[in-house]
$ cat protein.cif   # mmCIF, C-alpha atoms and all ligand atoms
data_final
#
loop_
_atom_site.label_atom_id
_atom_site.label_comp_id
_atom_site.auth_asym_id
_atom_site.auth_seq_id
_atom_site.Cartn_x
_atom_site.Cartn_y
_atom_site.Cartn_z
CA MET A 1 62.47 44.44 -68.89
CA SER A 2 62.96 41.28 -66.83
CA PHE A 3 61.06 40.77 -63.61
CA LEU A 4 64.36 41.22 -61.77
CA SER A 5 64.66 44.78 -63.13
CA TYR A 6 60.97 45.37 -62.43
CA LEU A 7 61.41 44.27 -58.80
CA GLN A 8 64.52 46.40 -58.39
CA GLY A 9 62.47 49.40 -59.52
CA LEU A 10 59.95 48.92 -56.70
CA SER A 11 60.47 50.45 -53.28
CA ARG A 12 59.81 47.89 -50.55
CA GLU A 13 59.57 50.69 -47.99
CA LYS A 14 56.90 52.56 -49.93
CA LEU A 15 54.87 49.41 -50.58
CA SER A 16 55.10 48.44 -46.93
CA LEU A 17 54.02 51.91 -45.83
CA ARG A 18 51.02 51.78 -48.17
CA LEU A 19 50.07 48.28 -47.00
CA TYR A 20 50.06 49.30 -43.36
CA SER A 21 48.43 52.70 -43.83
CA CYS A 22 45.62 51.48 -46.07
CA THR A 23 42.17 52.72 -45.06
CA SER A 24 38.78 51.01 -44.97
CA LYS A 25 37.68 53.32 -47.77
CA GLU A 26 40.45 51.93 -50.00
CA VAL A 27 39.42 48.37 -49.09
CA GLU A 28 35.81 49.11 -50.01
CA LYS A 29 36.97 50.53 -53.34
CA ALA A 30 39.13 47.43 -53.93
CA LEU A 31 36.15 45.19 -53.29
CA GLN A 32 34.29 46.95 -56.12
CA SER A 33 36.94 46.18 -58.75
CA PRO A 34 39.57 43.74 -57.52
CA GLN A 35 40.32 41.86 -60.75
CA GLY A 36 43.80 42.40 -62.15
CA SER A 37 44.44 45.49 -60.03
CA LEU A 38 47.64 45.49 -57.99
CA GLU A 39 46.27 48.51 -56.09
CA SER A 40 43.24 46.46 -55.07
CA LEU A 41 45.42 43.47 -54.16
CA LEU A 42 47.43 45.70 -51.86
CA ALA A 43 44.26 46.90 -50.12
CA LEU A 44 42.86 43.37 -49.77
CA LEU A 45 46.10 42.09 -48.23
CA SER A 46 46.34 44.99 -45.79
CA PRO A 47 45.38 44.89 -42.10
CA ALA A 48 42.56 47.30 -42.99
CA ALA A 49 40.85 44.46 -44.93
CA GLU A 50 40.52 42.21 -41.88
CA PRO A 51 37.04 43.52 -40.89
CA TYR A 52 35.91 42.72 -44.46
CA LEU A 53 36.94 39.08 -44.35
CA GLU A 54 33.39 37.73 -44.43
CA GLN A 55 32.59 39.84 -47.50
CA MET A 56 35.84 38.75 -49.18
CA ALA A 57 35.11 35.09 -48.40
CA GLN A 58 31.63 35.28 -49.90
CA ALA A 59 32.88 36.92 -53.09
CA SER A 60 35.80 34.50 -53.34
CA THR A 61 33.53 31.47 -52.90
CA LEU A 62 31.20 32.71 -55.61
CA LEU A 63 34.02 33.40 -58.09
CA THR A 64 35.66 30.04 -57.41
CA ARG A 65 32.36 28.23 -57.96
CA GLN A 66 31.72 30.16 -61.21
CA ARG A 67 35.14 29.36 -62.65
CA PHE A 68 35.97 25.91 -61.23
CA GLY A 69 32.55 24.50 -60.27
CA ALA A 70 32.67 22.08 -57.35
CA ASN A 71 35.84 20.46 -58.70
CA ILE A 72 39.05 20.02 -56.75
CA GLY A 73 42.08 18.74 -58.70
CA MET A 74 43.97 15.97 -56.92
CA TYR A 75 47.77 15.64 -57.21
CA LEU A 76 50.49 13.93 -55.26
CA PRO A 77 54.19 14.73 -54.74
CA LEU A 78 56.64 11.95 -55.57
CA TYR A 79 60.06 12.57 -54.03
CA LEU A 80 62.82 11.44 -56.38
CA SER A 81 65.77 12.34 -54.17
CA ASN A 82 66.66 14.09 -50.93
CA LEU A 83 70.23 14.84 -52.03
CA CYS A 84 70.82 18.56 -51.82
CA ALA A 85 73.84 20.81 -52.30
CA ASN A 86 72.17 23.82 -50.66
CA GLU A 87 71.77 25.07 -47.16
CA CYS A 88 68.29 26.44 -46.42
CA ASP A 89 67.74 26.79 -42.70
CA TYR A 90 64.03 25.87 -42.86
CA CYS A 91 64.43 22.55 -44.71
CA GLY A 92 65.18 19.02 -43.54
CA PHE A 93 67.09 18.26 -46.76
CA SER A 94 69.78 20.94 -46.13
CA MET A 95 73.23 19.56 -46.97
CA SER A 96 74.58 19.84 -43.43
CA ASN A 97 71.69 17.86 -41.91
CA ARG A 98 72.88 14.39 -41.02
CA ILE A 99 70.03 12.42 -42.52
CA LYS A 100 70.01 9.35 -44.75
CA ARG A 101 70.24 10.39 -48.39
CA LYS A 102 68.55 8.54 -51.21
CA THR A 103 67.88 8.91 -54.93
CA LEU A 104 65.35 6.59 -56.54
CA ASN A 105 66.58 4.34 -59.34
CA LEU A 106 64.17 3.38 -62.10
CA ASP A 107 62.97 0.20 -60.34
CA GLU A 108 62.32 2.11 -57.12
CA LEU A 109 60.56 4.86 -59.05
CA ASN A 110 58.32 2.32 -60.79
CA ALA A 111 57.46 0.77 -57.42
CA GLU A 112 56.51 4.21 -56.02
CA MET A 113 54.42 4.98 -59.08
CA SER A 114 52.51 1.69 -58.72
CA VAL A 115 51.51 2.59 -55.17
CA ILE A 116 50.46 6.09 -56.24
CA LYS A 117 48.47 4.78 -59.21
CA SER A 118 46.66 2.40 -56.87
CA MET A 119 45.45 5.51 -54.98
CA SER A 120 43.80 6.72 -58.26
CA TYR A 121 46.15 9.65 -58.89
CA ASP A 122 46.84 10.69 -62.48
CA SER A 123 48.58 14.00 -61.81
CA ILE A 124 52.03 13.85 -60.26
CA LEU A 125 54.51 16.37 -58.90
CA LEU A 126 58.11 15.12 -59.04
CA VAL A 127 60.14 16.68 -56.23
CA SER A 128 63.84 16.55 -55.46
CA GLY A 129 66.47 18.36 -53.45
CA GLU A 130 68.78 20.49 -55.54
CA HIS A 131 71.84 18.49 -56.56
CA GLU A 132 72.99 19.54 -60.01
CA THR A 133 75.50 16.74 -60.64
CA LYS A 134 73.70 13.69 -59.25
CA VAL A 135 70.07 14.74 -59.78
CA GLY A 136 70.31 17.05 -62.77
CA ILE A 137 68.99 17.20 -66.32
CA ASP A 138 70.38 13.76 -67.25
CA TYR A 139 68.57 12.14 -64.33
CA PHE A 140 65.30 14.00 -65.05
CA SER A 141 65.52 13.10 -68.75
CA SER A 142 66.05 9.46 -67.90
CA VAL A 143 63.03 9.15 -65.59
CA LEU A 144 60.50 11.43 -67.30
CA PRO A 145 59.44 9.01 -70.10
CA SER A 146 58.51 6.33 -67.53
CA VAL A 147 56.61 8.84 -65.41
CA LYS A 148 54.78 10.25 -68.43
CA ALA A 149 53.78 6.72 -69.46
CA SER A 150 51.93 6.37 -66.14
CA PHE A 151 50.58 9.87 -65.45
CA SER A 152 48.78 12.23 -67.82
CA TYR A 153 49.97 15.39 -66.04
CA VAL A 154 53.57 15.69 -64.85
CA ALA A 155 54.95 18.63 -62.88
CA ILE A 156 58.39 19.11 -61.37
CA GLU A 157 59.62 20.97 -58.31
CA VAL A 158 63.41 20.78 -58.60
CA GLN A 159 66.35 23.19 -58.92
CA PRO A 160 66.13 26.02 -61.47
CA LEU A 161 67.21 24.75 -64.90
CA LYS A 162 68.35 26.40 -68.12
CA GLU A 163 65.80 27.32 -70.76
CA THR A 164 67.18 24.64 -73.13
CA GLU A 165 66.85 22.05 -70.38
CA TYR A 166 63.22 22.95 -69.80
CA SER A 167 62.64 22.65 -73.56
CA GLN A 168 64.25 19.22 -73.51
CA LEU A 169 61.92 18.12 -70.70
CA VAL A 170 58.87 19.55 -72.48
CA GLY A 171 59.82 17.27 -75.38
CA LEU A 172 59.69 14.34 -72.96
CA GLY A 173 56.24 15.25 -71.67
CA LEU A 174 56.78 17.81 -68.92
CA ASP A 175 53.60 19.81 -68.26
CA ALA A 176 54.31 22.10 -65.32
CA VAL A 177 57.11 23.60 -63.23
CA MET A 178 56.71 24.71 -59.63
CA ILE A 179 59.36 27.27 -58.72
CA TYR A 180 58.91 29.08 -55.44
CA GLN A 181 60.89 32.21 -54.68
CA GLU A 182 60.45 31.59 -50.91
CA THR A 183 60.65 35.36 -50.23
CA TYR A 184 60.92 38.47 -52.40
CA ASN A 185 63.08 40.21 -49.82
CA PRO A 186 66.72 39.76 -51.01
CA GLN A 187 68.11 40.35 -47.49
CA THR A 188 65.84 37.79 -45.89
CA TYR A 189 66.56 35.44 -48.79
CA ALA A 190 70.31 35.75 -48.22
CA LYS A 191 69.86 35.06 -44.51
CA HIS A 192 68.04 31.77 -45.07
CA HIS A 193 69.97 30.47 -48.11
CA THR A 194 73.56 30.36 -47.02
CA ARG A 195 75.29 27.78 -49.26
CA GLY A 196 74.95 26.37 -52.75
CA ASN A 197 73.42 27.57 -56.02
CA LYS A 198 70.18 28.56 -54.34
CA LYS A 199 72.01 31.55 -52.86
CA ASP A 200 71.56 33.18 -56.25
CA PHE A 201 68.36 35.19 -55.68
CA ALA A 202 68.37 36.68 -59.19
CA TYR A 203 68.77 33.38 -61.07
CA ARG A 204 65.88 31.87 -59.15
CA LEU A 205 63.72 34.96 -59.66
CA GLU A 206 64.18 34.80 -63.42
CA THR A 207 63.43 31.07 -63.62
CA PRO A 208 59.69 31.41 -64.39
CA GLU A 209 60.60 33.51 -67.44
CA ARG A 210 62.93 30.75 -68.71
CA VAL A 211 60.21 28.18 -68.03
CA ALA A 212 57.61 30.19 -69.94
CA ARG A 213 59.95 30.77 -72.91
CA ALA A 214 60.53 27.01 -73.05
CA GLY A 215 56.79 26.47 -73.62
CA VAL A 216 55.85 24.74 -70.38
CA ASP A 217 52.05 24.63 -69.97
CA LYS A 218 51.82 25.76 -66.35
CA ILE A 219 54.02 27.59 -63.85
CA GLY A 220 53.51 27.41 -60.12
CA LEU A 221 54.68 30.37 -58.03
CA GLY A 222 54.87 30.67 -54.28
CA VAL A 223 56.45 32.08 -51.16
CA LEU A 224 57.24 30.31 -47.93
CA LEU A 225 54.93 32.12 -45.57
CA GLY A 226 56.71 32.89 -42.33
CA LEU A 227 60.17 33.76 -43.63
CA ASP A 228 59.33 37.47 -43.97
CA ASP A 229 56.33 39.83 -43.76
CA TRP A 230 53.67 37.66 -45.41
CA ARG A 231 51.58 40.63 -46.57
CA LEU A 232 54.45 42.20 -48.48
CA ASP A 233 55.72 38.88 -49.84
CA ALA A 234 52.19 38.03 -51.03
CA LEU A 235 51.84 41.43 -52.68
CA LEU A 236 55.13 40.96 -54.54
CA LEU A 237 54.01 37.46 -55.53
CA GLY A 238 50.99 39.21 -57.06
CA HIS A 239 53.32 41.58 -58.93
CA HIS A 240 55.29 38.58 -60.22
CA LEU A 241 52.13 36.84 -61.37
CA GLU A 242 50.86 39.97 -63.10
CA TYR A 243 54.23 40.50 -64.82
CA LEU A 244 54.31 36.90 -66.09
CA GLU A 245 50.70 36.90 -67.26
CA SER A 246 51.24 40.08 -69.24
CA HIS A 247 54.46 38.80 -70.86
CA PHE A 248 53.61 35.11 -71.28
CA TRP A 249 49.86 34.97 -71.74
CA ARG A 250 49.82 31.45 -73.19
CA THR A 251 51.05 29.96 -69.93
CA ARG A 252 48.73 28.92 -67.11
CA TYR A 253 49.59 29.86 -63.53
CA SER A 254 49.05 28.51 -60.07
CA VAL A 255 50.11 29.68 -56.64
CA SER A 256 50.97 27.67 -53.61
CA LEU A 257 50.69 29.23 -50.16
CA PRO A 258 52.73 27.01 -47.81
CA ARG A 259 53.32 28.05 -44.23
CA LEU A 260 56.64 27.20 -42.64
CA ARG A 261 56.47 23.73 -41.02
CA PRO A 262 58.76 22.08 -38.45
CA CYS A 263 61.54 19.89 -39.87
CA THR A 264 64.84 18.31 -38.82
CA GLY A 265 67.17 21.14 -37.77
CA GLY A 266 64.71 23.75 -39.01
CA ILE A 267 63.78 27.23 -37.77
CA ALA A 268 60.58 28.59 -36.29
CA PRO A 269 58.54 31.08 -38.35
CA LYS A 270 59.75 34.66 -37.96
CA VAL A 271 56.35 36.07 -38.82
CA GLU A 272 53.41 33.88 -37.95
CA LEU A 273 50.56 33.71 -40.42
CA THR A 274 47.37 32.79 -38.55
CA ASP A 275 44.54 30.72 -40.04
CA LYS A 276 42.57 33.95 -40.42
CA GLY A 277 45.50 35.51 -42.28
CA LEU A 278 45.67 32.50 -44.60
CA VAL A 279 41.97 32.91 -45.40
CA GLN A 280 42.55 36.59 -46.19
CA LEU A 281 45.44 35.66 -48.45
CA ILE A 282 43.49 33.03 -50.39
CA CYS A 283 40.49 35.34 -50.84
CA ALA A 284 42.67 38.28 -51.90
CA PHE A 285 44.32 36.18 -54.63
CA ARG A 286 41.00 34.79 -55.86
CA LEU A 287 39.49 38.29 -56.12
CA PHE A 288 42.63 39.51 -57.86
CA ASN A 289 42.82 36.65 -60.34
CA HIS A 290 39.70 34.62 -61.14
CA GLN A 291 41.50 32.01 -63.27
CA LEU A 292 44.31 31.30 -60.88
CA GLU A 293 44.76 27.76 -59.57
CA ILE A 294 45.46 27.79 -55.84
CA SER A 295 46.88 24.71 -54.16
CA LEU A 296 47.01 23.71 -50.54
CA SER A 297 49.27 20.92 -49.39
CA THR A 298 49.14 18.50 -46.47
CA ARG A 299 51.20 20.99 -44.44
CA GLU A 300 47.84 22.32 -43.25
CA SER A 301 45.57 20.51 -40.79
CA ALA A 302 42.68 18.30 -41.91
CA GLU A 303 40.12 20.59 -40.29
CA LEU A 304 41.49 23.74 -41.90
CA ARG A 305 41.81 22.10 -45.33
CA ASP A 306 38.19 20.94 -45.16
CA ASN A 307 37.01 24.39 -44.13
CA LEU A 308 38.95 26.08 -46.92
CA LEU A 309 37.33 23.97 -49.65
CA GLY A 310 35.36 26.16 -52.00
CA LEU A 311 36.83 29.39 -50.67
CA GLY A 312 39.42 29.66 -53.43
CA VAL A 313 41.52 26.51 -53.27
CA THR A 314 41.37 24.41 -56.44
CA GLN A 315 44.14 21.80 -56.00
CA LEU A 316 44.80 19.46 -53.10
CA SER A 317 47.22 16.69 -52.31
CA ALA A 318 46.27 13.89 -49.91
CA GLY A 319 48.15 10.95 -48.46
CA SER A 320 51.45 12.67 -49.25
CA SER A 321 54.89 11.41 -48.34
CA THR A 322 57.79 13.90 -48.31
CA GLN A 323 60.59 11.35 -48.65
CA PRO A 324 62.07 9.36 -51.55
CA GLY A 325 60.60 5.86 -51.52
CA GLY A 326 58.08 6.88 -48.85
CA TYR A 327 54.94 5.46 -50.46
CA LEU A 328 56.32 1.92 -50.51
CA ALA A 329 58.42 2.08 -47.34
CA PRO A 330 57.88 5.06 -45.03
CA ASP A 331 61.01 6.10 -43.13
CA THR A 332 60.60 9.12 -40.86
CA GLN A 333 64.33 9.91 -41.04
CA LEU A 334 64.04 10.96 -44.68
CA ASP A 335 61.21 13.52 -44.43
CA GLN A 336 61.58 17.05 -45.82
CA PHE A 337 59.05 18.49 -43.37
CA GLU A 338 56.28 17.28 -41.09
CA ILE A 339 52.87 16.64 -42.56
CA SER A 340 49.81 17.92 -40.71
CA ASP A 341 46.90 16.31 -42.58
CA GLU A 342 47.71 12.59 -42.40
CA ARG A 343 44.41 11.29 -43.78
CA THR A 344 44.38 8.86 -46.68
CA PRO A 345 43.19 10.07 -50.10
CA ASN A 346 39.93 8.13 -49.56
CA GLU A 347 39.31 9.90 -46.27
CA VAL A 348 40.03 13.31 -47.79
CA CYS A 349 37.76 12.56 -50.75
CA ALA A 350 34.95 11.38 -48.45
CA ALA A 351 35.21 14.65 -46.51
CA MET A 352 35.20 16.54 -49.80
CA LYS A 353 32.12 14.76 -51.13
CA ALA A 354 30.31 15.29 -47.81
CA ARG A 355 30.71 19.02 -48.46
CA GLY A 356 29.49 18.74 -52.05
CA PHE A 357 32.85 18.81 -53.85
CA ASN A 358 34.12 16.48 -56.59
CA PRO A 359 37.68 15.20 -56.47
CA VAL A 360 39.07 15.30 -60.01
CA TRP A 361 41.88 12.84 -60.70
CA LYS A 362 42.36 13.65 -64.35
CA ASP A 363 41.43 16.88 -66.15
CA TRP A 364 43.96 16.79 -68.94
CA GLU A 365 44.36 14.71 -72.06
CA SER A 366 47.13 15.73 -74.42
CA ALA A 367 45.51 14.00 -77.39
CA TRP A 368 42.67 16.56 -77.27
CA VAL A 369 44.88 19.63 -77.37
S1 LIG T 401 64.55 23.93 -49.71
FE1 LIG T 401 65.20 22.83 -51.52
S2 LIG T 401 67.22 23.64 -51.97
FE2 LIG T 401 66.79 24.17 -49.85
S3 LIG T 401 67.67 22.52 -48.65
FE3 LIG T 401 65.52 22.02 -49.03
S4 LIG T 401 65.56 20.74 -50.85
FE4 LIG T 401 67.53 21.79 -50.73
#
$ encode --input "protein.cif" --output "structure tokens" --more "lines below"
Ligand code: SF4
Amino acid sequence: MSFLSYLQGLSREKLSLRLYSCTSKEVEKALQSPQGSLESLLALLSPAAEPYLEQMAQASTLLTRQRFGANIGMYLPLYLSNLCANECDYCGFSMSNRIKRKTLNLDELNAEMSVIKSMSYDSILLVSGEHETKVGIDYFSSVLPSVKASFSYVAIEVQPLKETEYSQLVGLGLDAVMIYQETYNPQTYAKHHTRGNKKDFAYRLETPERVARAGVDKIGLGVLLGLDDWRLDALLLGHHLEYLESHFWRTRYSVSLPRLRPCTGGIAPKVELTDKGLVQLICAFRLFNHQLEISLSTRESAELRDNLLGLGVTQLSAGSSTQPGGYLAPDTQLDQFEISDERTPNEVCAAMKARGFNPVWKDWESAWV
């Protein structure tokens, strides 16, 4: 059974009712045995868990320290292109937005990579808008060898591809694919994705399965917090993670928990997730899955990112640009969304070290595998 069929077999109404009628007794039971239990995840994400936040934070901190030590993996997004053939009403790259469009050629890509290498990064996330014809498999295949020659860990966050295309990119050195469903509510999804291939909820939902079958080392899942009820979306993200781990146990997984940020022509969050809610979310996922990598981008403020260190987060970006060519020549007209933490990598690392954490630039060497 695919995850699409699995999801169609779940009743959103029943899950929502259970989330919002959860009792403190159920939360206390969940705290006793949270690992791998979707029942416990539901309880920990519920409003009834809010009074237990301190207890959840302490347990989450301990588990994160036991599994990941004081290490925080450092990565940086490199925007290849802001061309996009989709309309997503929360994103500055939407096709109807009248912004300057740019796709990096190989020389421009090399120039960006030099700047990023000078910041010490060795793990890179290649990002692009979704434009099948101009920034498709041929483009990715042409740039990947150069990127892999400079970075030991290469992830992509681009449009959903075919299984054979993922296999082709694995052959060129691809290590990870980030593919965020944005929301697990098909109605909300349809409302926010109004034109282009991204309208296809089912094809996107089944992408992680194609990625896993193609033998990619790591898959990153996520929802855009604010599009729909974050508690229910997070719970269904947990279901998706559990499904994938049980079907594709060789693959590693990470989750990203981005909150909706302002952008050119963008919308305001429908459902606001407070800082306290974000803490609950991170702790609930850590208690549910001890191995899970959790990343936090520069969408969040410096103060919050510093305070969340050690709680459950294991991956951070710093000094990010969200525009193609932005490391060499920043141009605010090309941004995908506004960044909140604008500190340099050195400043972020200094803050990290002051709290007893180690920034890790490289934790992967293919020759040892
Ligand atoms: S979210 Fe992705 S697909 Fe949608 S407009 Fe932005 S870049 Fe394009």
$ closest_atom_pairs --input "protein.cif" --of "chain A" --to "ligand LIG 401 (chain T)" --cutoff "10 Å" --atoms "all atoms listed in the file" --output "Markdown table"
| residue | atom | partner | partner_atom | distance |
| --- | --- | --- | --- | --- |
| A:Ser81 | CA | T:LIG401 | S4 | 9.0 |
| A:Asn82 | CA | T:LIG401 | S4 | 6.7 |
| A:Leu83 | CA | T:LIG401 | FE4 | 7.6 |
| A:Cys84 | CA | T:LIG401 | FE4 | 4.7 |
| A:Ala85 | CA | T:LIG401 | FE4 | 6.6 |
| A:Asn86 | CA | T:LIG401 | FE4 | 5.1 |
| A:Glu87 | CA | T:LIG401 | S3 | 5.1 |
| A:Cys88 | CA | T:LIG401 | FE2 | 4.4 |
| A:Asp89 | CA | T:LIG401 | S3 | 7.3 |
| A:Tyr90 | CA | T:LIG401 | S1 | 7.1 |
| A:Cys91 | CA | T:LIG401 | FE3 | 4.5 |
| A:Gly92 | CA | T:LIG401 | FE3 | 6.3 |
| A:Phe93 | CA | T:LIG401 | FE3 | 4.7 |
| A:Ser94 | CA | T:LIG401 | S3 | 3.6 |
| A:Met95 | CA | T:LIG401 | S3 | 6.5 |
| A:Ser96 | CA | T:LIG401 | S3 | 9.1 |
| A:Asn97 | CA | T:LIG401 | S3 | 9.1 |
| A:Val127 | CA | T:LIG401 | S4 | 8.6 |
| A:Ser128 | CA | T:LIG401 | S4 | 6.5 |
| A:Gly129 | CA | T:LIG401 | S4 | 3.6 |
| A:Glu130 | CA | T:LIG401 | S2 | 5.0 |
| A:His131 | CA | T:LIG401 | FE4 | 8.0 |
| A:Glu157 | CA | T:LIG401 | FE1 | 9.0 |
| A:Val158 | CA | T:LIG401 | FE1 | 7.6 |
| A:Gln159 | CA | T:LIG401 | S2 | 7.0 |
| A:Pro160 | CA | T:LIG401 | S2 | 9.9 |
| A:Tyr180 | CA | T:LIG401 | S1 | 9.5 |
| A:Glu182 | CA | T:LIG401 | S1 | 8.8 |
| A:His192 | CA | T:LIG401 | FE2 | 9.1 |
| A:His193 | CA | T:LIG401 | FE2 | 7.3 |
| A:Thr194 | CA | T:LIG401 | FE2 | 9.6 |
| A:Arg195 | CA | T:LIG401 | FE2 | 9.3 |
| A:Gly196 | CA | T:LIG401 | S2 | 8.2 |
| A:Asn197 | CA | T:LIG401 | S2 | 8.4 |
| A:Lys198 | CA | T:LIG401 | S2 | 6.2 |
| A:Lys199 | CA | T:LIG401 | S2 | 9.3 |
| A:Leu224 | CA | T:LIG401 | S1 | 9.9 |
| A:Gln336 | CA | T:LIG401 | FE3 | 7.1 |
| A:Phe337 | CA | T:LIG401 | FE3 | 9.3 |
$ write_last_selection --input "protein.cif" --atoms "C-alpha atoms" --output "PDB file, in the coordinates of the input"
ATOM      1  CA  SER A  81      65.770  12.340 -54.170  1.00  0.00           C
ATOM      2  CA  ASN A  82      66.660  14.090 -50.930  1.00  0.00           C
ATOM      3  CA  LEU A  83      70.230  14.840 -52.030  1.00  0.00           C
ATOM      4  CA  CYS A  84      70.820  18.560 -51.820  1.00  0.00           C
ATOM      5  CA  ALA A  85      73.840  20.810 -52.300  1.00  0.00           C
ATOM      6  CA  ASN A  86      72.170  23.820 -50.660  1.00  0.00           C
ATOM      7  CA  GLU A  87      71.770  25.070 -47.160  1.00  0.00           C
ATOM      8  CA  CYS A  88      68.290  26.440 -46.420  1.00  0.00           C
ATOM      9  CA  ASP A  89      67.740  26.790 -42.700  1.00  0.00           C
ATOM     10  CA  TYR A  90      64.030  25.870 -42.860  1.00  0.00           C
ATOM     11  CA  CYS A  91      64.430  22.550 -44.710  1.00  0.00           C
ATOM     12  CA  GLY A  92      65.180  19.020 -43.540  1.00  0.00           C
ATOM     13  CA  PHE A  93      67.090  18.260 -46.760  1.00  0.00           C
ATOM     14  CA  SER A  94      69.780  20.940 -46.130  1.00  0.00           C
ATOM     15  CA  MET A  95      73.230  19.560 -46.970  1.00  0.00           C
ATOM     16  CA  SER A  96      74.580  19.840 -43.430  1.00  0.00           C
ATOM     17  CA  ASN A  97      71.690  17.860 -41.910  1.00  0.00           C
ATOM     18  CA  VAL A 127      60.140  16.680 -56.230  1.00  0.00           C
ATOM     19  CA  SER A 128      63.840  16.550 -55.460  1.00  0.00           C
ATOM     20  CA  GLY A 129      66.470  18.360 -53.450  1.00  0.00           C
ATOM     21  CA  GLU A 130      68.780  20.490 -55.540  1.00  0.00           C
ATOM     22  CA  HIS A 131      71.840  18.490 -56.560  1.00  0.00           C
ATOM     23  CA  GLU A 157      59.620  20.970 -58.310  1.00  0.00           C
ATOM     24  CA  VAL A 158      63.410  20.780 -58.600  1.00  0.00           C
ATOM     25  CA  GLN A 159      66.350  23.190 -58.920  1.00  0.00           C
ATOM     26  CA  PRO A 160      66.130  26.020 -61.470  1.00  0.00           C
ATOM     27  CA  TYR A 180      58.910  29.080 -55.440  1.00  0.00           C
ATOM     28  CA  GLU A 182      60.450  31.590 -50.910  1.00  0.00           C
ATOM     29  CA  HIS A 192      68.040  31.770 -45.070  1.00  0.00           C
ATOM     30  CA  HIS A 193      69.970  30.470 -48.110  1.00  0.00           C
ATOM     31  CA  THR A 194      73.560  30.360 -47.020  1.00  0.00           C
ATOM     32  CA  ARG A 195      75.290  27.780 -49.260  1.00  0.00           C
ATOM     33  CA  GLY A 196      74.950  26.370 -52.750  1.00  0.00           C
ATOM     34  CA  ASN A 197      73.420  27.570 -56.020  1.00  0.00           C
ATOM     35  CA  LYS A 198      70.180  28.560 -54.340  1.00  0.00           C
ATOM     36  CA  LYS A 199      72.010  31.550 -52.860  1.00  0.00           C
ATOM     37  CA  LEU A 224      57.240  30.310 -47.930  1.00  0.00           C
ATOM     38  CA  GLN A 336      61.580  17.050 -45.820  1.00  0.00           C
ATOM     39  CA  PHE A 337      59.050  18.490 -43.370  1.00  0.00           C
TER      40      PHE A 337
END
$ residues_around --input "protein.cif" --residues "A:Ala176" --least-positions-apart "4" --cutoff "8 Å" --atoms "all atoms listed in the file" --output "NGL selection string"
:A and (154-156 or 216-220)
$ closest_residue --input "protein.cif" --among "A:Val271, A:Val170, A:Val177, A:Met113" --to "A:Ser150" --atoms "only C-alpha atoms"
A:Met113
$ atom_distance --input "protein.cif" --atom1 "atom CA of A:Glu163" --atom2 "atom CA of A:Tyr203"
11.8 Å
$ atom_distance --input "protein.cif" --atom1 "atom CA of A:Arg101" --atom2 "atom CA of A:Leu328"
16.4 Å
$ residues_around --input "protein.cif" --residues "A:Pro186" --least-positions-apart "2" --cutoff "12 Å" --atoms "only C-alpha atoms" --output "PyMOL selection string"
chain A and resi 4+7-8+12+181-184+188-193+199-202+204-205+227-228+233
$ write_last_selection --input "protein.cif" --atoms "C-alpha atoms" --output "short mmCIF file (atom, residue, chain, number, x, y, z; two decimals), in the frame of the given file"
data_model
loop_
_atom_site.label_atom_id
_atom_site.label_comp_id
_atom_site.auth_asym_id
_atom_site.auth_seq_id
_atom_site.Cartn_x
_atom_site.Cartn_y
_atom_site.Cartn_z
CA LEU A 4 64.36 41.22 -61.77
CA LEU A 7 61.41 44.27 -58.80
CA GLN A 8 64.52 46.40 -58.39
CA ARG A 12 59.81 47.89 -50.55
CA GLN A 181 60.89 32.21 -54.68
CA GLU A 182 60.45 31.59 -50.91
CA THR A 183 60.65 35.36 -50.23
CA TYR A 184 60.92 38.47 -52.40
CA THR A 188 65.84 37.79 -45.89
CA TYR A 189 66.56 35.44 -48.79
CA ALA A 190 70.31 35.75 -48.22
CA LYS A 191 69.86 35.06 -44.51
CA HIS A 192 68.04 31.77 -45.07
CA HIS A 193 69.97 30.47 -48.11
CA LYS A 199 72.01 31.55 -52.86
CA ASP A 200 71.56 33.18 -56.25
CA PHE A 201 68.36 35.19 -55.68
CA ALA A 202 68.37 36.68 -59.19
CA ARG A 204 65.88 31.87 -59.15
CA LEU A 205 63.72 34.96 -59.66
CA LEU A 227 60.17 33.76 -43.63
CA ASP A 228 59.33 37.47 -43.97
CA ASP A 233 55.72 38.88 -49.84
#
$ atom_distance --input "protein.cif" --atom1 "atom CA of A:Ile137" --atom2 "atom CA of A:Thr103"
14.1 Å
$ closest_residue --input "protein.cif" --among "A:Lys14, A:Arg259, A:Arg250, A:Lys25" --to "A:Ser297" --atoms "all atoms listed in the file"
A:Arg259
$ residues_near_point --input "protein.cif" --point "(55.4, 9.3, -64.8)" --cutoff "12 Å" --atoms "all atoms listed in the file" --output "number ranges by chain"
A: 76-78, 80, 106, 109-114, 116-117, 121-126, 140-156, 172-175
$ closest_residue --input "protein.cif" --among "A:Leu225, A:Leu31, A:Leu309, A:Leu241" --to "A:Leu278" --atoms "all atoms listed in the file"
A:Leu225
$ closest_residue --input "protein.cif" --among "A:Leu19, A:Met74, A:Met1, A:Leu53" --to "A:Thr314" --atoms "all atoms listed in the file"
A:Met74
$ closest_residue --input "protein.cif" --among "A:Asn71, A:Gln323, A:Ser60, A:Ser40" --to "A:Ser24" --atoms "all atoms listed in the file"
A:Ser40
$ closest_residue --input "protein.cif" --among "A:Met352, A:Val135, A:Leu10, A:Leu41" --to "A:Cys22" --atoms "only C-alpha atoms"
A:Leu41
$ residues_around --input "protein.cif" --residues "A:His239" --least-positions-apart "3" --cutoff "10 Å" --atoms "all atoms listed in the file" --output "list of chain:residue names"
A:Phe3, A:Tyr6, A:Leu7, A:Ser37, A:Leu38, A:Leu41, A:Asp233, A:Ala234, A:Leu235, A:Leu236, A:Glu242, A:Tyr243, A:Leu244, A:Glu245
